[in-house]
Amino acid sequence: MKAVIFDMDGVIFDSERATYLCWKKVAEEHGLLNMDEVYRKCIGVTVEVTERICKEAYGEDFEYERFSKEASVLYHARYDGGRLPMKEGVREILEFLKERGIPIAIASSTREERVAKQLQEASIFEYFDAVVGGDRVKKSKPAPDIFLFAAERLGAVPEDCLVIEDSYNGILAAAAAGMIPVMVPDMLEPTDSIRDKCYAVCSSLTEVRRMLEEKGLL
């Protein structure tokens with residue numbers, strides 16, 4: 001294993017849950033039902049795919065842009081300025097990889113500008129050799145495009161890249177790219193079919209770091 005590619009939301013930051021809480025509050029204010037189910041379908045995909053999922057659930061006349069803006073305003077009020085909580089073991093695994101000279105990338109379905117901003121606010125941007133957002137590729141996860149682009153940016157071949165993901169779409173995308181998928185579940189527990197795609201399923205990034213060291217994967 002010669003490079004590591006991280007998803008961001010739900011892996012680096014506890015942002016999937018943060019976003020969900022904002023969505024749920026706005027949904028309740030507008031009387032929208034089944035938001036839990038709808039939100040879970042949106043985990044790990046781009047804004048464009050998210051809009052399509054919402055309109056399939058609530059109808060073509062659903063004002064997604066208005067809903068999204070209200071949820072976004074609430075999210076930024078709660079979490080901007082470095083207040084977005086990080087997941088367990090983030091700094092430790094980044095330090096661990098840097099000490100060993102392993103190139104590191106972020107490949108997130110979130111827009112690249114927002115990805116960079118959140119990494120900078122958390123003071124971890126400098127750890128990453130490449131940052132790729134969902135707006136840089138045409139096809140969203142579970143298509144492999146974003147991971148292949150990130151590997152290219154790192155100068156690594158796909159089969160040498162370990163991908164750390166929390167979503168089904170992310171694991172499917174990593175597998176389709178011919179990479180080494182490791183799942184750290186956040187809001188979605190692995191199904192049997194997803195588990196079969198994974199090299200490993202770990203409870204936290206701390207466990208991922210321990211696995212890399214104990215199995216001599218570096």
# chains A, B, ... in the order shown; residues from 1 in each chain; ligands from 1
>>> residues_around(residues="A:Leu74", least_positions_apart="4", cutoff="7 Å", atoms="only C-alpha atoms", output="short mmCIF file (atom, residue, chain, number, x, y, z; two decimals) with N, CA and C atoms, in the first residue's frame")
data_model
loop_
_atom_site.label_atom_id
_atom_site.label_comp_id
_atom_site.auth_asym_id
_atom_site.auth_seq_id
_atom_site.Cartn_x
_atom_site.Cartn_y
_atom_site.Cartn_z
N CYS A 22 -29.40 19.05 10.99
CA CYS A 22 -29.90 20.28 10.36
C CYS A 22 -31.03 19.98 9.39
N GLU A 70 -31.80 26.63 3.56
CA GLU A 70 -32.19 26.76 4.97
C GLU A 70 -31.35 25.84 5.85
N ARG A 78 -24.09 26.68 13.18
CA ARG A 78 -23.71 25.76 14.25
C ARG A 78 -22.23 25.35 14.22
#
>>> select_by_dssp(residues="stretch 59-173 of chain A", states="strand (DSSP E)", output="short mmCIF file (atom, residue, chain, number, x, y, z; two decimals) with N, CA and C atoms, in the first residue's frame")
data_model
loop_
_atom_site.label_atom_id
_atom_site.label_comp_id
_atom_site.auth_asym_id
_atom_site.auth_seq_id
_atom_site.Cartn_x
_atom_site.Cartn_y
_atom_site.Cartn_z
N ILE A 104 -1.18 11.31 0.90
CA ILE A 104 -2.55 11.28 1.43
C ILE A 104 -3.42 12.22 0.60
N ALA A 105 -4.63 11.75 0.30
CA ALA A 105 -5.60 12.59 -0.43
C ALA A 105 -6.95 12.55 0.26
N ILE A 106 -7.74 13.58 -0.01
CA ILE A 106 -9.17 13.60 0.31
C ILE A 106 -9.92 13.47 -1.01
N ALA A 107 -10.92 12.58 -1.04
CA ALA A 107 -11.81 12.48 -2.21
C ALA A 107 -13.24 12.49 -1.68
N ALA A 130 -3.28 16.00 -1.83
CA ALA A 130 -4.29 16.31 -2.86
C ALA A 130 -5.65 16.39 -2.20
N VAL A 131 -6.45 17.35 -2.65
CA VAL A 131 -7.82 17.52 -2.16
C VAL A 131 -8.73 17.57 -3.38
N VAL A 132 -9.65 16.62 -3.47
CA VAL A 132 -10.54 16.51 -4.63
C VAL A 132 -11.98 16.54 -4.15
N CYS A 161 -3.58 1.88 -3.69
CA CYS A 161 -4.26 2.89 -2.87
C CYS A 161 -5.25 2.25 -1.91
N LEU A 162 -5.13 2.60 -0.64
CA LEU A 162 -6.12 2.21 0.36
C LEU A 162 -7.11 3.35 0.52
N VAL A 163 -8.39 3.02 0.50
CA VAL A 163 -9.45 4.03 0.61
C VAL A 163 -10.20 3.82 1.91
N ILE A 164 -10.36 4.90 2.68
CA ILE A 164 -11.10 4.83 3.94
C ILE A 164 -12.43 5.55 3.75
N GLU A 165 -13.53 4.81 3.90
CA GLU A 165 -14.87 5.31 3.60
C GLU A 165 -15.85 4.91 4.71
#
>>> residues_around(residues="A:Asp135", least_positions_apart="6", cutoff="8 Å", atoms="only C-alpha atoms", output="number ranges by chain")
A: 46, 109-112
>>> write_last_selection(atoms="N, CA and C atoms", output="mmCIF file, in the first residue's frame")
data_model
loop_
_atom_site.group_PDB
_atom_site.id
_atom_site.type_symbol
_atom_site.label_atom_id
_atom_site.label_comp_id
_atom_site.auth_asym_id
_atom_site.auth_seq_id
_atom_site.Cartn_x
_atom_site.Cartn_y
_atom_site.Cartn_z
ATOM 1 N N THR A 46 -23.113 13.384 -4.663
ATOM 2 C CA THR A 46 -22.959 14.804 -4.933
ATOM 3 C C THR A 46 -24.275 15.561 -4.710
ATOM 4 N N SER A 109 -17.417 13.816 -1.922
ATOM 5 C CA SER A 109 -18.510 14.223 -2.810
ATOM 6 C C SER A 109 -18.906 15.683 -2.594
ATOM 7 N N THR A 110 -18.469 16.265 -1.482
ATOM 8 C CA THR A 110 -18.728 17.672 -1.194
ATOM 9 C C THR A 110 -17.935 18.554 -2.166
ATOM 10 N N ARG A 111 -18.443 19.754 -2.437
ATOM 11 C CA ARG A 111 -17.742 20.668 -3.340
ATOM 12 C C ARG A 111 -16.357 20.991 -2.798
ATOM 13 N N GLU A 112 -15.397 21.071 -3.702
ATOM 14 C CA GLU A 112 -13.992 21.186 -3.307
ATOM 15 C C GLU A 112 -13.703 22.433 -2.459
#
>>> select_by_dssp(residues="stretch 70-104 of chain A", states="alpha helix (DSSP H)", output="list in words")
Glu70, Ala71, Ser72, Val73, Leu74, Tyr75, His76, Ala77, Arg78, Tyr79, Val90, Arg91, Glu92, Ile93, Leu94, Glu95, Phe96, Leu97, Lys98 and Glu99 of chain A
>>> residues_around(residues="A:Lys215", least_positions_apart="5", cutoff="12 Å", atoms="only C-alpha atoms", output="PyMOL selection string")
chain A and resi 1+200+207-210
>>> atom_distance(atom1="atom CA of A:Glu99", atom2="atom CA of A:Ala173")
28.0 Å
>>> closest_atom_pairs(of="stretch 94-167 of chain A", to="stretch 27-45 of chain A", cutoff="9 Å", atoms="only C-alpha atoms", output="Markdown table")
| residue | atom | partner | partner_atom | distance |
| --- | --- | --- | --- | --- |
| A:Ser108 | CA | A:Gly44 | CA | 7.9 |
| A:Ser109 | CA | A:Val45 | CA | 5.5 |
| A:Thr110 | CA | A:Val45 | CA | 8.0 |
| A:Gly134 | CA | A:Val45 | CA | 8.1 |
| A:Ser140 | CA | A:Val45 | CA | 5.8 |
| A:Lys141 | CA | A:Val45 | CA | 5.8 |
| A:Pro142 | CA | A:Val45 | CA | 7.9 |
| A:Asp166 | CA | A:Gly44 | CA | 8.3 |
| A:Ser167 | CA | A:Gly44 | CA | 5.8 |
>>> write_last_selection(atoms="C-alpha atoms", output="PDB file, in the first residue's frame")
ATOM      1  CA  SER A 108     -15.148  13.869  -1.074  1.00  0.00           C
ATOM      2  CA  SER A 109     -18.510  14.223  -2.810  1.00  0.00           C
ATOM      3  CA  THR A 110     -18.728  17.672  -1.194  1.00  0.00           C
ATOM      4  CA  GLY A 134     -17.236  16.085  -6.065  1.00  0.00           C
ATOM      5  CA  SER A 140     -20.681  10.660  -8.460  1.00  0.00           C
ATOM      6  CA  LYS A 141     -19.832   7.713  -6.231  1.00  0.00           C
ATOM      7  CA  PRO A 142     -20.497   4.757  -6.634  1.00  0.00           C
ATOM      8  CA  ASP A 166     -18.023   5.289   5.707  1.00  0.00           C
ATOM      9  CA  SER A 167     -20.702   5.051   2.991  1.00  0.00           C
TER      10      SER A 167
END
>>> closest_residue(among="A:Ala176, A:Leu205, A:Val4, A:Cys54", to="A:Glu92", atoms="only C-alpha atoms")
A:Leu205
>>> atom_distance(atom1="atom CA of A:Val184", atom2="atom CA of A:Glu16")
13.0 Å
